[in-house]
Amino acid sequence: MKIAADRLLGFALIGLAAFAAIHAWQLQIPFSYEPVGPKAFPIVLSIILAALSLVLIFRPGENGHWPNKALLAKLLQVLGTLVVYAILFTKLGFIITTFFAALVLARLFGATWRRALIASFLMVLVSYFLFTQGLGISLPDGYWLSDYV
Amino acid sequence: MFDFLIHGFGVALTPLNLGLAFLGALLGTLFGALPGIGPINGIAILMPLAYTLGLPAESALILLASVYTGSEYGGRMSSILLNVPGDAGAVMTTLDGHPLAKKGLAGPALGLSAVSSFVGATIAIIGLTLFAPLLAQVAIMFGPAEFFALMVFAFSSMAVMMGKDPIKTAIGAVLGVMVAMVGVDSGTGVLRYTFGMAELYDGIDFVVMIIGLFAISEILLMLEHANRQDVDDEMPPLGRVMISLKELAYCKWTMLRCGVIGFIVGVLPGTGASIGGAVSYTTEKRISDKDGSFGTGNMRGLAAPEAANNASAAGSFVPMLTLGIPGSGTTAVLLGALMLYNITPGPMLFSERPEVAGGLIASLYIGNIMLLALNLPLAGLFARVLTIPRWVLVPSIAILAFVGIFQLHSDLTAIYLMLIIGIFGYLLRKLGFSLAPIILGYVLGGLMENNLRRALAISGGDLGILWQSGISLGLWIAAAALLVLPWLLPKLWQARTSKA
């Protein structure tokens with residue numbers, strides 16, 4: 001299982017190298033004053049990467065422990081939270097999105113509801129005033145809400 | 001010859017820069033103490049803020065550099081008290097630091113590590129002051145071919161020294177260089193790897209790359225640690241945070257030796273504090289471990305890596321300031337921060353921007369004294385930072401990352417890109433890659449290609465120019481030697497001992 005991960009990575013990297021080389025090969029260069037141009041360096045890199053990946057396939061190294069199902073589910077939840085935070089960041093504004101993102105993250109990292117609520121409330125409050133008053137940064141107000149406020 | 005330093009003290013002693021050095025030292029110690037937030041994460045999170053505040057280049061660099069040196073102090077906290085290294089540089093500190101704490105000597109251990117850190121850093125800063133201008137004078141003679149050879153040398157020294165798996169280190173560096181290829185090619189205006197996305201024309205932004213790769217992947221990694229129970233969470237009592245003169249005298253040669261070793265390792269391009277700590281610990285063990293007490297709570301075993309990791313942190317500024325080649329992952333990030341200000345460090349930095357080079361070096365002296373003054377009496381306070389739960393830490397990192405990126409780009413694409421890079425960073429770390437080579441490759445990649453192309457433009461395409469001069473030939477030989485010797489030396493050694 002451990003070995004398979006490195007082999008898989010090796011094949012994926014060879015694929016990446018091939019893709020990068022083909023992309024560089026197909027670049028259309030209008031004119032160039034220099035002998036090398038933009039193609040050569042990426043192509044040489046791709047060759048080096050492919051060669052190193054071959055070594056990896058034949059002599060796979062050690063990997064860490066892979067997450068089990070429960071941890072994987074949590075990982076996806078954390079990622080999902082961050083993505084939703086990003087999507088809504090400008091739409092609902094800093095205060096609302098940050099409060100809920102901090103709340104969910106705190107819960108996912110093992111806080112009780114009570115602690116998570118208090119912590120996220122305080123974090124929003126402190127960070128909002130630190131950024132706007134202390135550092136003079138303008139934070140998104142949320143254009144979905146601006147019609148109602 | 002020391003004009004730059006006098007000028008530098010003038011810069012570093014202004015109230016703003018003094019305040020920033022203090023703030024950086026304080027925040028750095030905190031960042032270093034918090035498990036998971038090492039110097040790079042601390043700098044990555046603060047960098048967009050420093051940029052937004054409109055700080056001048058030298059002030060921003062002073063702030064970020066003192067975060068770096070501060071976190072080398074802070075890294076010892078969790079190493080000694082909890083047996084969890086706060087950052088890569090503090091791994092060796094756990095070996096004797098934690099046993100000392102278990103014996104009830106946590107306070108003296110913290111005190112000793114603060115003093116060793118101070119001694120190590122002082123040696124290295126003096127070394128930096130003496131050697132950096134000399135090296136800069138040599139480096140003025142470097143042309144594109146020499147710089148290209150130097151970068152090849154940096155990469156091979158990194159592949160050999162950094163990480164457990166040289167192949168993965170090399171792959172990481174190549175991947176980093178490839179990321180640097182994204183965007184408009186400066187020579188011809190051709191778009192490379194942009195896939196028609198206008199956001200990628202300028203390349204993958206440095207801050208987005210750093211915060212994604214380090215901060216976001218760290219959040220994902222922390223989730224794992226949050227559910228693991230193999231860590232010694234019980235904090236031993238601190239006791240007195242002072243060390244006696246007897247203990248100091250016992251360790252004085254260790255500190256001096258390891259400070260010098262750490263400095264030399266730090267100067268080598270591509271090798272940072274973690275290697276400095278490891279090399280000095282093994283050397284010191286060979287020299288002074290008579291009764292086999294290293295690893296069971298020997299004071300010297302603690303002083304050695306602590307002096308060395310601070311010394312290599314300061315030493316890694318030498319190649320960064322004089323050659324523009326970072327000596328460690330963290331200085332690679334600092335180099336990128338300077339590039340945000342359109343300053344490319346290199347041999348001309350000392351003559352053209354003495355306020356940056358001199359101001360930084362002067363502030364390292366000042367910051368180092370501040371750090372000692374902060375760390376001896378306030379160790380107990382910093383130790384309490386360790387009890388900050390992850391459910392406070394993680395949302396805080398997320399908020400700082402989001403606001404930092406949004407502030408720089410006012411654009412959600414940058415935040416999505418940060419998250420995507422974070423996922424890749426997490427996967428690579430799980431696959432046994434360390435992130436420092438990727439960052440070094442990413443920072444050096446563009447420079448490497450430009451120097452190669454400039455050299456070949458001068459020679460009209462003749463590859464011979466790459467090893468024509470004595471300097472570049474020497475660097476190629478040194479690079480080849482570094483790659484071959486680790487395989488060759490043990491064999492030669494074996495052949496000799498079997499004959500005897």
# chains A, B, ... in the order shown; residues from 1 in each chain; ligands from 1
>>> closest_atom_pairs(of="chain B", to="chain A", cutoff="6 Å", atoms="only C-alpha atoms", output="JSON lines")
{"residue": "B:Trp391", "atom": "CA", "partner": "A:Ala106", "partner_atom": "CA", "distance": 4.3}
{"residue": "B:Pro395", "atom": "CA", "partner": "A:Ala102", "partner_atom": "CA", "distance": 4.9}
{"residue": "B:Lys430", "atom": "CA", "partner": "A:Gly64", "partner_atom": "CA", "distance": 5.4}
{"residue": "B:Leu431", "atom": "CA", "partner": "A:Asn63", "partner_atom": "CA", "distance": 5.0}
{"residue": "B:Gly432", "atom": "CA", "partner": "A:Asn63", "partner_atom": "CA", "distance": 5.2}
{"residue": "B:Arg453", "atom": "CA", "partner": "A:Val36", "partner_atom": "CA", "distance": 6.0}
{"residue": "B:Ala457", "atom": "CA", "partner": "A:Glu34", "partner_atom": "CA", "distance": 5.2}
{"residue": "B:Gly461", "atom": "CA", "partner": "A:Pro35", "partner_atom": "CA", "distance": 5.4}
>>> residues_around(residues="stretch 309-312 of chain B", least_positions_apart="4", cutoff="8 Å", atoms="only C-alpha atoms", output="count of residues only")
28
>>> residues_around(residues="B:Met348", least_positions_apart="6", cutoff="9 Å", atoms="only C-alpha atoms", output="list in words")
Ala136, Gln137, Ala139, Ile140 and Thr322 of chain B
>>> write_last_selection(atoms="N, CA and C atoms", output="mmCIF file, in the first residue's frame")
data_model
loop_
_atom_site.group_PDB
_atom_site.id
_atom_site.type_symbol
_atom_site.label_atom_id
_atom_site.label_comp_id
_atom_site.auth_asym_id
_atom_site.auth_seq_id
_atom_site.Cartn_x
_atom_site.Cartn_y
_atom_site.Cartn_z
ATOM 1 N N ALA B 136 30.268 39.612 -1.099
ATOM 2 C CA ALA B 136 29.628 40.496 -2.076
ATOM 3 C C ALA B 136 30.661 41.015 -3.069
ATOM 4 N N GLN B 137 31.892 41.285 -2.571
ATOM 5 C CA GLN B 137 32.926 41.779 -3.486
ATOM 6 C C GLN B 137 33.324 40.721 -4.505
ATOM 7 N N ALA B 139 31.282 38.358 -5.427
ATOM 8 C CA ALA B 139 30.102 38.090 -6.248
ATOM 9 C C ALA B 139 29.883 39.148 -7.321
ATOM 10 N N ILE B 140 30.495 40.333 -7.146
ATOM 11 C CA ILE B 140 30.350 41.369 -8.171
ATOM 12 C C ILE B 140 30.933 40.878 -9.490
ATOM 13 N N THR B 322 24.096 38.419 -0.202
ATOM 14 C CA THR B 322 25.214 38.727 -1.093
ATOM 15 C C THR B 322 25.030 38.145 -2.486
#
>>> residues_around(residues="stretch 198-207 of chain B", least_positions_apart="6", cutoff="9 Å", atoms="only C-alpha atoms", output="number ranges by chain")
B: 44-45, 47-48, 179-184, 191-192, 333, 336-337, 340, 404-405, 408, 413-414, 417-418, 442-443
>>> closest_residue(among="B:Ala57, B:Ala106, B:Gly425, B:Leu371", to="B:Gly28", atoms="only C-alpha atoms")
B:Leu371
>>> residues_around(residues="B:Leu245", least_positions_apart="6", cutoff="12 Å", atoms="only C-alpha atoms", output="list in words")
Pro108, Gly111, Leu112, Val115, Cys251 and Lys252 of chain B
>>> write_last_selection(atoms="N, CA and C atoms", output="short mmCIF file (atom, residue, chain, number, x, y, z; two decimals), in the first residue's frame")
data_model
loop_
_atom_site.label_atom_id
_atom_site.label_comp_id
_atom_site.auth_asym_id
_atom_site.auth_seq_id
_atom_site.Cartn_x
_atom_site.Cartn_y
_atom_site.Cartn_z
N PRO B 108 15.60 25.42 34.08
CA PRO B 108 16.99 25.56 33.64
C PRO B 108 17.18 25.21 32.18
N GLY B 111 16.19 28.14 30.20
CA GLY B 111 17.18 29.20 30.38
C GLY B 111 18.43 28.91 29.57
N LEU B 112 18.91 27.67 29.67
CA LEU B 112 20.12 27.29 28.93
C LEU B 112 19.90 27.45 27.44
N VAL B 115 20.15 31.05 26.42
CA VAL B 115 21.52 31.56 26.39
C VAL B 115 22.29 30.97 25.21
N CYS B 251 28.91 24.25 29.53
CA CYS B 251 28.47 24.23 28.14
C CYS B 251 29.17 25.24 27.25
N LYS B 252 30.12 26.02 27.81
CA LYS B 252 30.57 27.17 27.02
C LYS B 252 31.25 26.75 25.72
#
>>> select_by_dssp(residues="stretch 35-171 of chain B", states="alpha helix (DSSP H)", output="PyMOL selection string")
chain B and resi 39-52+57-82+93-100+106-139+144-161+166-171
>>> select_by_dssp(residues="stretch 113-251 of chain B", states="strand (DSSP E)", output="list in words")
Gly183, Val184, Leu191 and Arg192 of chain B
>>> write_last_selection(atoms="all heavy atoms", output="PDB file, in the first residue's frame")
ATOM      1  N   GLY B 183       3.196  31.790 -16.568  1.00  0.00           N
ATOM      2  CA  GLY B 183       3.050  33.227 -16.803  1.00  0.00           C
ATOM      3  C   GLY B 183       3.743  33.678 -18.077  1.00  0.00           C
ATOM      4  O   GLY B 183       4.207  32.866 -18.868  1.00  0.00           O
ATOM      5  N   VAL B 184       3.813  35.005 -18.230  1.00  0.00           N
ATOM      6  CA  VAL B 184       4.441  35.571 -19.427  1.00  0.00           C
ATOM      7  C   VAL B 184       5.945  35.355 -19.362  1.00  0.00           C
ATOM      8  O   VAL B 184       6.570  35.638 -18.342  1.00  0.00           O
ATOM      9  CB  VAL B 184       4.150  37.083 -19.515  1.00  0.00           C
ATOM     10  CG1 VAL B 184       4.844  37.677 -20.736  1.00  0.00           C
ATOM     11  CG2 VAL B 184       2.668  37.334 -19.594  1.00  0.00           C
ATOM     12  N   LEU B 191       3.134  33.315 -23.638  1.00  0.00           N
ATOM     13  CA  LEU B 191       2.457  32.840 -22.430  1.00  0.00           C
ATOM     14  C   LEU B 191       2.752  31.364 -22.211  1.00  0.00           C
ATOM     15  O   LEU B 191       2.570  30.559 -23.112  1.00  0.00           O
ATOM     16  CB  LEU B 191       0.942  33.024 -22.571  1.00  0.00           C
ATOM     17  CG  LEU B 191       0.448  34.461 -22.619  1.00  0.00           C
ATOM     18  CD1 LEU B 191      -1.026  34.479 -22.971  1.00  0.00           C
ATOM     19  CD2 LEU B 191       0.680  35.135 -21.278  1.00  0.00           C
ATOM     20  N   ARG B 192       3.205  31.036 -21.007  1.00  0.00           N
ATOM     21  CA  ARG B 192       3.484  29.632 -20.728  1.00  0.00           C
ATOM     22  C   ARG B 192       2.582  29.132 -19.609  1.00  0.00           C
ATOM     23  O   ARG B 192       2.490  29.751 -18.551  1.00  0.00           O
ATOM     24  CB  ARG B 192       4.949  29.462 -20.320  1.00  0.00           C
ATOM     25  CG  ARG B 192       5.881  29.694 -21.501  1.00  0.00           C
ATOM     26  CD  ARG B 192       7.274  29.275 -21.195  1.00  0.00           C
ATOM     27  NE  ARG B 192       7.913  30.161 -20.226  1.00  0.00           N
ATOM     28  CZ  ARG B 192       9.197  30.052 -19.898  1.00  0.00           C
ATOM     29  NH1 ARG B 192       9.925  29.109 -20.409  1.00  0.00           N
ATOM     30  NH2 ARG B 192       9.718  30.891 -19.038  1.00  0.00           N
TER      31      ARG B 192
END
>>> residues_around(residues="B:Met158", least_positions_apart="2", cutoff="10 Å", atoms="only C-alpha atoms", output="VMD selection string")
chain B and resid 152 to 156 160 to 163 166 169 to 170 173 268 to 272 327 to 328 436 to 437 440 482 to 483
>>> atom_distance(atom1="atom CA of B:Ile287", atom2="atom CA of B:Ile369")
29.4 Å
>>> closest_residue(among="B:Gly70, B:Gly301, B:Gly36, B:Gly464", to="B:Arg286", atoms="only C-alpha atoms")
B:Gly301
>>> atom_distance(atom1="atom CA of B:Gly172", atom2="atom CA of B:Leu456")
26.4 Å
>>> closest_residue(among="B:Ala159, B:Met299, B:Leu349, B:Ile6", to="B:Ala249", atoms="only C-alpha atoms")
B:Met299
>>> atom_distance(atom1="atom CA of B:Leu323", atom2="atom CA of B:Phe22")
27.9 Å
>>> closest_residue(among="A:Ala4, A:Ala70, A:Leu145, A:Ala12", to="A:Phe58", atoms="only C-alpha atoms")
A:Ala4
